[in-house]
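Reproduced below: final.tsv, with TSV, C-alpha atoms.
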```
chain	number	residue	atom	x	y	z
A	1	MET	CA	-22.68	3.58	-26.37
A	2	ILE	CA	-24.02	0.04	-25.97
A	3	VAL	CA	-22.43	-2.33	-28.47
A	4	PHE	CA	-23.66	-5.65	-27.08
A	5	GLU	CA	-26.58	-6.57	-24.84
A	6	LYS	CA	-29.08	-9.33	-24.22
A	7	PRO	CA	-31.95	-9.37	-26.71
A	8	LYS	CA	-35.23	-8.16	-25.23
A	9	ALA	CA	-36.96	-11.29	-26.52
A	10	LEU	CA	-34.87	-13.41	-24.12
A	11	THR	CA	-35.70	-13.61	-20.41
A	12	ASP	CA	-33.16	-13.43	-17.58
A	13	THR	CA	-33.59	-17.14	-16.78
A	14	PRO	CA	-30.22	-18.98	-16.79
A	15	LEU	CA	-30.06	-21.58	-19.57
A	16	HIS	CA	-30.00	-25.22	-18.43
A	17	TYR	CA	-28.01	-26.50	-21.42
A	18	CYS	CA	-24.73	-28.38	-21.05
A	19	PRO	CA	-21.42	-26.48	-21.33
A	20	GLY	CA	-20.50	-26.02	-24.98
A	21	CYS	CA	-24.00	-26.71	-26.29
A	22	THR	CA	-24.90	-24.27	-29.04
A	23	HIS	CA	-28.61	-24.07	-28.21
A	24	GLY	CA	-27.82	-20.83	-26.39
A	25	ILE	CA	-26.39	-19.28	-29.54
A	26	ILE	CA	-29.42	-20.31	-31.57
A	27	HIS	CA	-31.80	-18.97	-28.89
A	28	ARG	CA	-30.03	-15.64	-29.11
A	29	LEU	CA	-30.29	-15.51	-32.91
A	30	VAL	CA	-34.02	-16.23	-32.78
A	31	ALA	CA	-34.49	-13.54	-30.13
A	32	GLU	CA	-32.46	-11.02	-32.13
A	33	ALA	CA	-34.65	-11.64	-35.17
A	34	ILE	CA	-37.79	-11.09	-33.09
A	35	ASP	CA	-36.33	-7.87	-31.68
A	36	GLU	CA	-35.24	-6.51	-35.05
A	37	LEU	CA	-38.65	-7.10	-36.58
A	38	GLY	CA	-40.45	-5.68	-33.54
A	39	ILE	CA	-42.80	-8.66	-33.33
A	40	GLU	CA	-42.36	-9.83	-29.73
A	41	GLY	CA	-45.87	-8.75	-28.73
A	42	THR	CA	-47.49	-10.79	-31.51
A	43	THR	CA	-45.16	-13.81	-31.55
A	44	VAL	CA	-46.06	-17.23	-30.15
A	45	GLY	CA	-43.39	-19.91	-29.91
A	46	VAL	CA	-44.03	-23.64	-29.71
A	47	ALA	CA	-41.67	-25.61	-27.47
A	48	PRO	CA	-40.95	-29.28	-28.25
A	49	VAL	CA	-39.98	-32.33	-26.26
A	50	GLY	CA	-36.21	-32.65	-26.07
A	51	CYS	CA	-33.31	-30.56	-24.79
A	52	SER	CA	-35.24	-27.38	-25.55
A	53	VAL	CA	-38.38	-28.57	-23.79
A	54	MET	CA	-38.08	-25.59	-21.42
A	55	ALA	CA	-37.70	-23.01	-24.17
A	56	TYR	CA	-40.84	-21.39	-22.75
A	57	ASP	CA	-38.66	-20.18	-19.85
A	58	TYR	CA	-36.18	-18.44	-22.13
A	59	PHE	CA	-38.23	-16.50	-24.69
A	60	SER	CA	-40.21	-13.52	-23.45
A	61	CYS	CA	-42.94	-13.95	-26.06
A	62	ASP	CA	-45.95	-16.20	-25.46
A	63	MET	CA	-45.09	-19.90	-25.62
A	64	VAL	CA	-47.06	-23.14	-25.98
A	65	GLU	CA	-45.79	-26.61	-25.07
A	66	ALA	CA	-46.48	-29.30	-27.69
A	67	ALA	CA	-46.62	-33.06	-27.35
A	68	HIS	CA	-43.55	-34.88	-28.67
A	69	GLY	CA	-43.16	-34.16	-32.38
A	70	ARG	CA	-46.44	-32.31	-32.76
A	71	ALA	CA	-45.10	-28.74	-32.77
A	72	PRO	CA	-45.81	-28.12	-36.50
A	73	ALA	CA	-49.41	-29.30	-35.99
A	74	VAL	CA	-49.82	-27.06	-32.95
A	75	ALA	CA	-48.23	-24.17	-34.87
A	76	THR	CA	-50.63	-24.77	-37.76
A	77	GLY	CA	-53.62	-24.57	-35.43
A	78	LEU	CA	-52.33	-21.41	-33.77
A	79	LYS	CA	-51.63	-19.69	-37.10
A	80	ARG	CA	-55.01	-20.57	-38.57
A	81	CYS	CA	-56.80	-19.34	-35.44
A	82	MET	CA	-54.62	-16.24	-35.12
A	83	PRO	CA	-53.38	-15.41	-38.64
A	84	GLU	CA	-52.17	-11.98	-37.52
A	85	ASN	CA	-49.70	-13.55	-35.08
A	86	ILE	CA	-46.17	-14.78	-35.83
A	87	ILE	CA	-45.82	-18.48	-34.97
A	88	PHE	CA	-42.55	-20.37	-34.71
A	89	THR	CA	-41.45	-23.79	-33.51
A	90	TYR	CA	-38.05	-24.63	-32.05
A	91	GLN	CA	-37.32	-28.36	-32.47
A	92	GLY	CA	-34.50	-30.86	-32.24
A	93	ASP	CA	-33.79	-33.69	-34.68
A	94	GLY	CA	-35.41	-36.39	-32.55
A	95	ASP	CA	-38.57	-34.34	-32.12
A	96	LEU	CA	-38.84	-33.13	-35.71
A	97	ALA	CA	-37.21	-35.83	-37.82
A	98	SER	CA	-38.40	-38.93	-35.95
A	99	ILE	CA	-41.72	-38.89	-34.11
A	100	GLY	CA	-42.68	-35.57	-35.74
A	101	MET	CA	-41.70	-36.27	-39.33
A	102	ALA	CA	-45.29	-36.57	-40.60
A	103	GLU	CA	-46.30	-33.27	-39.02
A	104	THR	CA	-43.25	-31.58	-40.53
A	105	VAL	CA	-43.79	-32.93	-44.04
A	106	HIS	CA	-47.49	-32.12	-44.15
A	107	ALA	CA	-47.07	-28.60	-42.75
A	108	ALA	CA	-44.41	-28.03	-45.41
A	109	THR	CA	-46.43	-29.39	-48.31
A	110	ARG	CA	-49.40	-27.22	-47.28
A	111	ASN	CA	-47.04	-24.23	-47.16
A	112	GLU	CA	-48.36	-23.27	-43.75
A	113	ASN	CA	-47.28	-19.70	-42.97
A	114	ILE	CA	-45.13	-20.67	-39.97
A	115	THR	CA	-41.41	-20.62	-39.16
A	116	ILE	CA	-39.54	-23.72	-37.97
A	117	ILE	CA	-36.12	-23.63	-36.32
A	118	PHE	CA	-34.75	-27.16	-36.61
A	119	VAL	CA	-31.66	-28.00	-34.53
A	120	ASN	CA	-29.66	-30.95	-35.89
A	121	ASN	CA	-27.00	-32.28	-33.52
A	122	ALA	CA	-27.07	-35.84	-34.87
A	123	ILE	CA	-28.06	-37.45	-31.57
A	124	TYR	CA	-30.81	-37.68	-28.97
A	125	GLY	CA	-29.59	-35.21	-26.35
A	126	MET	CA	-32.10	-35.09	-23.49
A	127	THR	CA	-32.57	-38.84	-23.13
A	128	GLY	CA	-28.89	-39.75	-22.95
A	129	GLY	CA	-27.32	-39.90	-26.39
A	130	GLN	CA	-29.18	-42.55	-28.38
A	131	MET	CA	-28.95	-42.79	-32.16
A	132	ALA	CA	-31.14	-40.23	-33.92
A	133	PRO	CA	-32.53	-40.16	-37.48
A	134	THR	CA	-29.69	-37.75	-38.24
A	135	SER	CA	-26.81	-39.71	-36.64
A	136	LEU	CA	-24.01	-40.18	-39.16
A	137	PRO	CA	-22.97	-43.52	-40.69
A	138	GLY	CA	-20.56	-45.16	-38.27
A	139	GLN	CA	-21.38	-42.69	-35.48
A	140	VAL	CA	-21.07	-44.19	-32.00
A	141	THR	CA	-24.06	-43.55	-29.73
A	142	GLN	CA	-25.61	-45.23	-26.70
A	143	THR	CA	-27.71	-47.44	-28.98
A	144	SER	CA	-25.06	-47.89	-31.69
A	145	PRO	CA	-21.93	-48.66	-29.64
A	146	TYR	CA	-20.16	-50.07	-32.71
A	147	GLY	CA	-21.26	-47.18	-34.92
A	148	ARG	CA	-24.41	-46.65	-36.97
A	149	ASP	CA	-24.77	-49.60	-39.32
A	150	VAL	CA	-26.64	-48.34	-42.37
A	151	GLY	CA	-27.44	-51.91	-43.34
A	152	VAL	CA	-29.55	-52.21	-40.19
A	153	ALA	CA	-30.54	-48.66	-39.24
A	154	GLY	CA	-30.62	-47.11	-42.69
A	155	TYR	CA	-29.04	-43.84	-43.71
A	156	PRO	CA	-29.38	-40.48	-41.93
A	157	ILE	CA	-32.27	-38.33	-43.06
A	158	ARG	CA	-31.30	-35.10	-44.78
A	159	VAL	CA	-34.37	-33.08	-43.85
A	160	SER	CA	-33.63	-29.94	-45.85
A	161	GLU	CA	-32.97	-31.88	-49.05
A	162	MET	CA	-36.08	-33.98	-48.57
A	163	LEU	CA	-38.43	-31.06	-47.90
A	164	SER	CA	-37.00	-29.12	-50.83
A	165	THR	CA	-38.48	-31.72	-53.21
A	166	LEU	CA	-41.99	-30.64	-52.16
A	167	ASP	CA	-43.87	-27.97	-54.10
A	168	GLY	CA	-45.16	-26.24	-50.98
A	169	PRO	CA	-42.32	-24.73	-48.93
A	170	GLU	CA	-41.32	-21.10	-49.43
A	171	TYR	CA	-37.84	-21.18	-47.91
A	172	ILE	CA	-35.46	-23.87	-46.61
A	173	GLU	CA	-31.86	-23.26	-45.63
A	174	ARG	CA	-29.24	-25.21	-43.66
A	175	VAL	CA	-26.82	-23.23	-41.53
A	176	ALA	CA	-24.36	-23.90	-38.69
A	177	VAL	CA	-23.20	-22.06	-35.57
A	178	ASN	CA	-19.70	-23.48	-35.04
A	179	ASN	CA	-17.76	-20.35	-35.98
A	180	VAL	CA	-18.29	-16.61	-36.31
A	181	LYS	CA	-18.89	-16.65	-40.07
A	182	ASN	CA	-21.47	-19.41	-39.80
A	183	VAL	CA	-23.21	-17.72	-36.88
A	184	ARG	CA	-23.60	-14.55	-38.95
A	185	ASN	CA	-25.02	-16.51	-41.87
A	186	ALA	CA	-27.38	-18.33	-39.50
A	187	LYS	CA	-28.64	-15.00	-38.18
A	188	LYS	CA	-29.44	-13.81	-41.72
A	189	ALA	CA	-31.31	-17.03	-42.51
A	190	ILE	CA	-33.36	-16.96	-39.31
A	191	LEU	CA	-34.24	-13.30	-39.84
A	192	LYS	CA	-35.33	-14.03	-43.41
A	193	ALA	CA	-37.49	-16.96	-42.24
A	194	PHE	CA	-39.36	-14.68	-39.85
A	195	LYS	CA	-39.65	-11.93	-42.49
A	196	ASN	CA	-41.21	-14.44	-44.87
A	197	GLN	CA	-43.93	-15.12	-42.36
A	198	VAL	CA	-44.49	-11.41	-41.67
A	199	GLU	CA	-44.91	-10.95	-45.45
A	200	GLY	CA	-47.28	-13.92	-45.69
A	201	LYS	CA	-45.06	-15.97	-47.98
A	202	GLY	CA	-45.52	-19.32	-46.23
A	203	PHE	CA	-43.51	-22.16	-44.72
A	204	SER	CA	-39.87	-21.50	-43.80
A	205	LEU	CA	-37.54	-24.00	-42.13
A	206	ILE	CA	-34.01	-23.23	-40.98
A	207	GLU	CA	-31.95	-26.31	-40.18
A	208	VAL	CA	-29.13	-25.43	-37.78
A	209	VAL	CA	-26.22	-27.88	-37.55
A	210	SER	CA	-25.39	-27.84	-33.85
A	211	THR	CA	-23.18	-29.56	-31.27
A	212	CYS	CA	-23.75	-31.94	-28.37
A	213	PRO	CA	-20.38	-32.19	-26.58
A	214	THR	CA	-21.79	-34.18	-23.66
A	215	ASN	CA	-23.31	-37.00	-25.68
A	216	TRP	CA	-20.64	-36.90	-28.36
A	217	GLY	CA	-18.08	-37.42	-25.60
A	218	MET	CA	-16.01	-34.43	-26.70
A	219	THR	CA	-14.78	-31.15	-25.35
A	220	PRO	CA	-16.71	-28.10	-26.59
A	221	VAL	CA	-13.76	-27.10	-28.80
A	222	LYS	CA	-13.46	-30.56	-30.33
A	223	ALA	CA	-17.23	-30.65	-30.90
A	224	LEU	CA	-17.04	-27.44	-32.92
A	225	GLN	CA	-14.25	-28.96	-35.00
A	226	TRP	CA	-16.28	-32.16	-35.48
A	227	VAL	CA	-19.08	-30.13	-37.02
A	228	ASP	CA	-16.63	-28.90	-39.67
A	229	GLU	CA	-14.91	-32.24	-40.19
A	230	LYS	CA	-17.85	-34.66	-40.09
A	231	MET	CA	-21.28	-33.04	-40.01
A	232	ILE	CA	-21.05	-30.33	-42.66
A	233	PRO	CA	-19.60	-32.69	-45.29
A	234	TYR	CA	-22.67	-34.92	-44.79
A	235	TYR	CA	-25.08	-32.01	-44.26
A	236	PRO	CA	-23.86	-29.30	-46.69
A	237	LEU	CA	-24.80	-25.76	-45.77
A	238	GLY	CA	-26.81	-23.60	-48.13
A	239	VAL	CA	-30.22	-22.62	-49.46
A	240	TYR	CA	-32.29	-25.60	-50.56
A	241	ARG	CA	-35.45	-23.72	-51.48
A	242	ASP	CA	-36.22	-20.03	-51.94
A	243	LYS	CA	-39.42	-19.88	-53.93
A	244	THR	CA	-39.44	-16.09	-54.21
A	245	ALA	CA	-35.91	-16.03	-55.62
A	246	GLU	CA	-36.69	-18.93	-57.95
A	247	ASN	CA	-39.76	-17.19	-59.33
A	248	ALA	CA	-37.84	-13.95	-59.80
A	249	ALA	CA	-35.14	-15.79	-61.73
A	250	LYS	CA	-37.75	-17.35	-64.03
A	251	GLU	CA	-39.36	-13.98	-64.70
A	252	GLY	CA	-35.94	-12.38	-65.29
```
Same coordinates, now as C-alpha coordinates:
Amino acid sequence: MIVFEKPKALTDTPLHYCPGCTHGIIHRLVAEAIDELGIEGTTVGVAPVGCSVMAYDYFSCDMVEAAHGRAPAVATGLKRCMPENIIFTYQGDGDLASIGMAETVHAATRNENITIIFVNNAIYGMTGGQMAPTSLPGQVTQTSPYGRDVGVAGYPIRVSEMLSTLDGPEYIERVAVNNVKNVRNAKKAILKAFKNQVEGKGFSLIEVVSTCPTNWGMTPVKALQWVDEKMIPYYPLGVYRDKTAENAAKEG
(Lines of atoms letter the chains of each structure in order from A and count residues from 1; the text may use other names and numbers.)
(Lines give C-alpha, C1' and ligand atoms only; values in the text may rest on other atoms or scores of the structure.)
Protein backbone atom coordinates (compact mmCIF):
# COMPACT_ATOMS: atom_id res chain seq x y z
CA MET A 1 0.00 0.00 0.00
CA ILE A 2 1.34 3.42 -0.98
CA VAL A 3 1.28 5.83 1.96
CA PHE A 4 3.33 8.68 0.49
CA GLU A 5 4.12 9.70 -3.07
CA LYS A 6 4.75 12.75 -5.21
CA PRO A 7 1.56 14.60 -6.18
CA LYS A 8 0.63 14.13 -9.83
CA ALA A 9 0.33 17.90 -10.23
CA LEU A 10 4.09 18.24 -9.63
CA THR A 11 6.61 17.43 -12.36
CA ASP A 12 9.83 15.46 -11.86
CA THR A 13 11.97 18.59 -12.30
CA PRO A 14 14.36 19.08 -9.34
CA LEU A 15 13.55 22.27 -7.40
CA HIS A 16 16.14 25.05 -7.63
CA TYR A 17 15.38 26.53 -4.20
CA CYS A 18 18.04 26.96 -1.51
CA PRO A 19 18.44 24.28 1.19
CA GLY A 20 15.88 24.81 3.94
CA CYS A 21 13.62 27.03 1.85
CA THR A 22 9.98 26.13 2.40
CA HIS A 23 8.83 26.91 -1.15
CA GLY A 24 9.05 23.18 -1.82
CA ILE A 25 6.59 22.41 0.96
CA ILE A 26 4.16 25.02 -0.32
CA HIS A 27 4.47 23.73 -3.90
CA ARG A 28 3.55 20.28 -2.65
CA LEU A 29 0.50 21.55 -0.75
CA VAL A 30 -0.76 23.39 -3.84
CA ALA A 31 -0.23 20.28 -5.96
CA GLU A 32 -2.00 18.07 -3.42
CA ALA A 33 -5.01 20.38 -3.47
CA ILE A 34 -5.12 20.24 -7.27
CA ASP A 35 -4.89 16.44 -7.17
CA GLU A 36 -7.59 16.03 -4.53
CA LEU A 37 -10.03 18.22 -6.43
CA GLY A 38 -9.20 16.53 -9.75
CA ILE A 39 -8.72 19.87 -11.51
CA GLU A 40 -5.24 19.52 -13.04
CA GLY A 41 -6.60 19.41 -16.60
CA THR A 42 -8.49 22.69 -16.19
CA THR A 43 -6.04 24.57 -13.94
CA VAL A 44 -3.79 27.40 -15.12
CA GLY A 45 -1.14 28.78 -12.79
CA VAL A 46 0.46 32.21 -13.07
CA ALA A 47 4.15 32.38 -12.18
CA PRO A 48 5.61 35.63 -10.79
CA VAL A 49 8.98 37.31 -10.80
CA GLY A 50 10.99 36.26 -7.76
CA CYS A 51 12.31 33.02 -6.29
CA SER A 52 9.37 31.13 -7.76
CA VAL A 53 9.82 32.63 -11.22
CA MET A 54 10.36 29.10 -12.59
CA ALA A 55 7.24 27.64 -11.00
CA TYR A 56 6.13 26.80 -14.54
CA ASP A 57 8.75 24.01 -14.47
CA TYR A 58 7.35 22.43 -11.33
CA PHE A 59 3.57 22.28 -11.78
CA SER A 60 2.21 19.90 -14.40
CA CYS A 61 -0.81 22.08 -15.16
CA ASP A 62 -0.67 24.86 -17.75
CA MET A 63 1.33 27.88 -16.59
CA VAL A 64 1.67 31.51 -17.70
CA GLU A 65 4.56 33.82 -16.81
CA ALA A 66 3.52 37.31 -15.66
CA ALA A 67 5.47 40.55 -15.59
CA HIS A 68 6.72 41.57 -12.15
CA GLY A 69 3.75 42.07 -9.82
CA ARG A 70 1.10 41.67 -12.50
CA ALA A 71 0.04 38.09 -11.74
CA PRO A 72 -3.40 39.05 -10.32
CA ALA A 73 -4.10 41.12 -13.45
CA VAL A 74 -3.03 38.25 -15.70
CA ALA A 75 -5.11 35.84 -13.61
CA THR A 76 -8.12 38.16 -13.92
CA GLY A 77 -7.81 38.18 -17.70
CA LEU A 78 -7.44 34.41 -17.87
CA LYS A 79 -10.45 33.80 -15.61
CA ARG A 80 -12.69 36.20 -17.49
CA CYS A 81 -11.71 34.66 -20.83
CA MET A 82 -11.93 31.09 -19.52
CA PRO A 83 -14.41 31.15 -16.62
CA GLU A 84 -14.61 27.35 -16.57
CA ASN A 85 -10.90 27.07 -15.75
CA ILE A 86 -9.29 27.23 -12.30
CA ILE A 87 -6.75 30.06 -12.12
CA PHE A 88 -4.18 30.54 -9.38
CA THR A 89 -1.17 32.77 -8.81
CA TYR A 90 1.88 31.87 -6.73
CA GLN A 91 3.64 35.04 -5.53
CA GLY A 92 6.26 36.22 -3.09
CA ASP A 93 6.07 39.30 -0.86
CA GLY A 94 8.19 41.48 -3.12
CA ASP A 95 6.12 40.60 -6.17
CA LEU A 96 2.71 40.85 -4.51
CA ALA A 97 3.13 43.39 -1.72
CA SER A 98 5.45 45.87 -3.44
CA ILE A 99 5.31 46.33 -7.21
CA GLY A 100 2.09 44.29 -7.42
CA MET A 101 0.14 45.80 -4.55
CA ALA A 102 -2.31 47.69 -6.77
CA GLU A 103 -3.13 44.59 -8.81
CA THR A 104 -3.67 42.60 -5.62
CA VAL A 105 -5.94 45.17 -3.98
CA HIS A 106 -8.10 45.73 -7.04
CA ALA A 107 -8.48 42.02 -7.83
CA ALA A 108 -9.55 41.54 -4.21
CA THR A 109 -12.04 44.40 -4.12
CA ARG A 110 -13.63 43.14 -7.35
CA ASN A 111 -13.85 39.67 -5.77
CA GLU A 112 -12.32 38.11 -8.86
CA ASN A 113 -12.90 34.35 -8.75
CA ILE A 114 -9.20 33.45 -8.55
CA THR A 115 -6.91 31.89 -5.94
CA ILE A 116 -3.71 33.58 -4.75
CA ILE A 117 -0.95 31.80 -2.86
CA PHE A 118 1.11 34.54 -1.22
CA VAL A 119 4.48 33.54 0.25
CA ASN A 120 5.74 35.92 2.95
CA ASN A 121 9.37 35.38 3.95
CA ALA A 122 9.99 39.00 4.99
CA ILE A 123 12.78 39.62 2.50
CA TYR A 124 13.61 39.86 -1.19
CA GLY A 125 15.00 36.39 -1.89
CA MET A 126 15.96 36.15 -5.57
CA THR A 127 17.77 39.48 -5.78
CA GLY A 128 20.02 38.99 -2.76
CA GLY A 129 18.19 39.76 0.46
CA GLN A 130 17.08 43.39 0.30
CA MET A 131 14.43 44.81 2.62
CA ALA A 132 10.90 43.90 1.54
CA PRO A 133 7.54 45.51 2.37
CA THR A 134 7.13 42.70 4.90
CA SER A 135 10.57 42.92 6.58
CA LEU A 136 10.16 43.25 10.34
CA PRO A 137 11.04 46.36 12.37
CA GLY A 138 14.73 46.17 13.17
CA GLN A 139 15.32 43.32 10.70
CA VAL A 140 18.79 43.35 9.17
CA THR A 141 18.85 43.02 5.37
CA GLN A 142 21.23 43.98 2.58
CA THR A 143 19.57 47.40 2.33
CA SER A 144 18.94 47.84 6.07
CA PRO A 145 22.28 46.76 7.58
CA TYR A 146 21.42 48.45 10.89
CA GLY A 147 17.90 47.03 10.93
CA ARG A 148 14.66 48.32 9.42
CA ASP A 149 14.10 51.84 10.72
CA VAL A 150 10.34 52.39 10.76
CA GLY A 151 10.92 56.13 10.99
CA VAL A 152 12.48 56.03 7.53
CA ALA A 153 11.09 52.92 5.83
CA GLY A 154 7.71 52.75 7.53
CA TYR A 155 6.13 49.70 9.08
CA PRO A 156 5.75 46.26 7.48
CA ILE A 157 2.58 45.72 5.52
CA ARG A 158 0.20 43.15 6.95
CA VAL A 159 -1.43 42.08 3.70
CA SER A 160 -4.09 39.76 5.12
CA GLU A 161 -5.30 42.33 7.64
CA MET A 162 -5.37 45.05 5.01
CA LEU A 163 -7.30 43.04 2.41
CA SER A 164 -9.78 41.86 5.03
CA THR A 165 -11.03 45.45 5.39
CA LEU A 166 -12.34 45.31 1.81
CA ASP A 167 -15.91 44.26 1.08
CA GLY A 168 -14.95 42.11 -1.90
CA PRO A 169 -12.81 39.13 -0.84
CA GLU A 170 -14.42 35.78 -0.10
CA TYR A 171 -11.66 34.17 1.94
CA ILE A 172 -8.32 35.29 3.44
CA GLU A 173 -6.23 33.22 5.80
CA ARG A 174 -2.63 33.39 7.05
CA VAL A 175 -0.84 30.11 7.67
CA ALA A 176 2.74 28.91 8.18
CA VAL A 177 4.78 25.84 7.22
CA ASN A 178 7.43 25.73 9.95
CA ASN A 179 6.15 22.65 11.77
CA VAL A 180 3.91 19.66 11.14
CA LYS A 181 0.80 21.18 12.75
CA ASN A 182 1.12 24.37 10.74
CA VAL A 183 1.75 22.47 7.51
CA ARG A 184 -1.47 20.52 8.03
CA ASN A 185 -3.42 23.72 8.68
CA ALA A 186 -1.85 25.30 5.60
CA LYS A 187 -2.98 22.35 3.49
CA LYS A 188 -6.58 22.77 4.69
CA ALA A 189 -6.53 26.50 3.90
CA ILE A 190 -5.07 26.04 0.42
CA LEU A 191 -7.58 23.29 -0.37
CA LYS A 192 -10.44 25.51 0.79
CA ALA A 193 -9.18 28.41 -1.35
CA PHE A 194 -9.28 26.23 -4.45
CA LYS A 195 -12.69 24.80 -3.49
CA ASN A 196 -14.04 28.34 -3.20
CA GLN A 197 -13.06 28.99 -6.79
CA VAL A 198 -14.53 25.69 -7.99
CA GLU A 199 -17.79 26.71 -6.28
CA GLY A 200 -17.67 30.19 -7.81
CA LYS A 201 -17.43 32.04 -4.50
CA GLY A 202 -14.75 34.54 -5.52
CA PHE A 203 -11.37 35.84 -4.43
CA SER A 204 -9.32 33.74 -2.00
CA LEU A 205 -5.82 34.58 -0.76
CA ILE A 206 -3.70 32.33 1.43
CA GLU A 207 -0.71 34.07 2.99
CA VAL A 208 1.97 31.54 3.89
CA VAL A 209 4.62 32.63 6.40
CA SER A 210 7.79 31.06 5.03
CA THR A 211 11.55 30.95 5.58
CA CYS A 212 14.60 32.25 3.73
CA PRO A 213 17.61 30.73 5.54
CA THR A 214 20.11 31.96 2.94
CA ASN A 215 19.21 35.63 3.09
CA TRP A 216 18.35 35.56 6.78
CA GLY A 217 21.84 34.22 7.41
CA MET A 218 20.56 31.27 9.43
CA THR A 219 20.61 27.52 9.37
CA PRO A 220 17.36 25.91 8.17
CA VAL A 221 16.56 24.80 11.73
CA LYS A 222 17.16 28.25 13.17
CA ALA A 223 15.05 29.79 10.39
CA LEU A 224 12.11 27.60 11.35
CA GLN A 225 12.51 28.71 14.96
CA TRP A 226 12.72 32.36 13.87
CA VAL A 227 9.33 32.04 12.22
CA ASP A 228 7.86 31.05 15.60
CA GLU A 229 9.81 33.58 17.63
CA LYS A 230 9.68 36.65 15.39
CA MET A 231 7.42 36.35 12.35
CA ILE A 232 4.26 34.79 13.75
CA PRO A 233 4.03 37.28 16.65
CA TYR A 234 4.05 40.10 14.06
CA TYR A 235 1.99 38.17 11.49
CA PRO A 236 -0.56 36.21 13.58
CA LEU A 237 -1.95 33.10 11.94
CA GLY A 238 -5.66 32.68 11.39
CA VAL A 239 -8.69 33.41 9.22
CA TYR A 240 -9.06 37.10 8.42
CA ARG A 241 -12.08 36.82 6.14
CA ASP A 242 -14.51 34.00 5.40
CA LYS A 243 -17.54 35.60 3.85
CA THR A 244 -19.53 32.38 3.62
CA ALA A 245 -19.02 31.63 7.31
CA GLU A 246 -19.79 35.22 8.25
CA ASN A 247 -23.04 35.20 6.31
CA ALA A 248 -24.04 31.86 7.84
CA ALA A 249 -23.41 33.24 11.32
CA LYS A 250 -25.61 36.26 10.60
CA GLU A 251 -28.43 34.07 9.32
CA GLY A 252 -28.07 31.72 12.31
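Atom pair atom CA of A:Met101 / atom CA of A:Pro133 has a distance of 10.1 Å (rounded to one decimal).
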### Task
Using only C-alpha atoms, pick whichever of A:Gln225, A:Gln197, A:Thr89, A:Gln142 has the shortest atom-to-atom distance to A:Ala73.
A:Thr89
### Query
Of the candidates A:Gly38, A:Gly69, A:Gly92, A:Pro220, which shows the shortest atom-to-atom distance to A:Cys51, using all atoms listed in the file?
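Using all atoms listed in the file, A:Cys51 sits closest to A:Gly92.
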Coordinates of box centre and edge lengths for stretch 182-195 of chain A, 5 Å on every side, axis-aligned, as JSON:
```
{"center_x": -30.6, "center_y": -15.7, "center_z": -40.1, "size_x": 28.2, "size_y": 17.5, "size_z": 16.5}
```
#### Entry: Within 8 Å of A:Glu112 using only C-alpha atoms, minus same-chain residues under 6 positions, as a ChimeraX atom specification
/A:76,202-203
#### Entry: Polymer residues at most 7 Å from A:Leu136, all atoms listed in the file, same-chain spacing of 2 or more positions, as a list in words
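Skipping anything fewer than 2 positions along the chain leaves Ala122, Thr134, Gly138, Gln139, Arg148 and Pro156 of chain A.
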